[in-house]
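Visitor: Sharing a structure with you now.
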Amino acid sequence: MVMSWIFSGIIFVSIVCAWIGGNGGALAAAVVEGAQSGITLAISIAGSLCLWSGIGKLMEHAGITAGLSHLIRPLLNFLFPSTRTDSNLAGYLSGNICANFLGLGNAATPMGIEAVRAMVSHAAPGTASDEMCRLIVLNTASIQLIPATVAAVRASLGCSSPFDILPAVWLTSICSAGLGVAAAWFFGKVWPHD
């Protein structure tokens, strides 16, 4: 609700500024051009998103995702202690992290939502537990091995080598996820909500 008010305010201020500056025609042209560009971009990356989502499903059926889940289980047990006793939560978290690892944020979101629903049973009523906060931070600043969506956008805009950003993506995603989880852990200890 708040975001709708913010975006409405931005649009209103833009219209007022364009009207005061005498740039109403330029604003109208920019709105139409931006809408066309948005549709073109969405259609151009749809194929790539379908491809990588399909690869994610193939990896799941081939057992690769389960293997990745097994590899990250010690990390999950450390970050989310509830996974030691709740196998459903562990499955949802593993799927969420693996999907983010492959750059498939759209596939990770439903699993993240299910993980939070499973975490509700381990939290005090009406509060976000430390594990929920860590999941939100980890999901937002996810470590990505293959930034599929970003590469699709770069390819749709004419980049000849859309994956040449891999070292930068790896470094920044590891740093942001590590610092974010460390901050969530720190603030959970400094300001306990119990």
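Ligands are numbered from 1 in the order shown, residues from 1 within each chain, and chains are lettered A, B, ... in the order they appear in the structure tokens.
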Which residues are close to segment 84-88 of chain A, i.e. within 10 Å by only C-alpha atoms, leaving aside same-chain residues fewer than 6 positions away? Reply as a list in words.

Guide: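 Within the cut-off, the hits are Arg73, Pro74, Leu76, Asn77, Phe78, Ser94, Glu114, Ala115, Ala118, Met119 and His122 of chain A.
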
Visitor: Ranking A:Val190, A:Ala152, A:Ala184, A:Ala18 by minimum distance to Ala42 of chain A and counting only C-alpha atoms, which one comes first?

Guide: A:Ala152

Visitor: From the list A:Leu51, A:Val150, A:Ala29, A:Ala99, which residue is nearest Gly112 of chain A when using only C-alpha atoms?

Guide: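 Nearest to Gly112 of chain A: A:Ala99.
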
Visitor: For a quick check of understanding, using only C-alpha atoms, which of A:Gly47, A:Pro167, A:Gly180, A:Gly21 has the smallest distance to Cys133 of chain A?

Guide: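 So, comparing all the options, the nearest one is A:Gly180.
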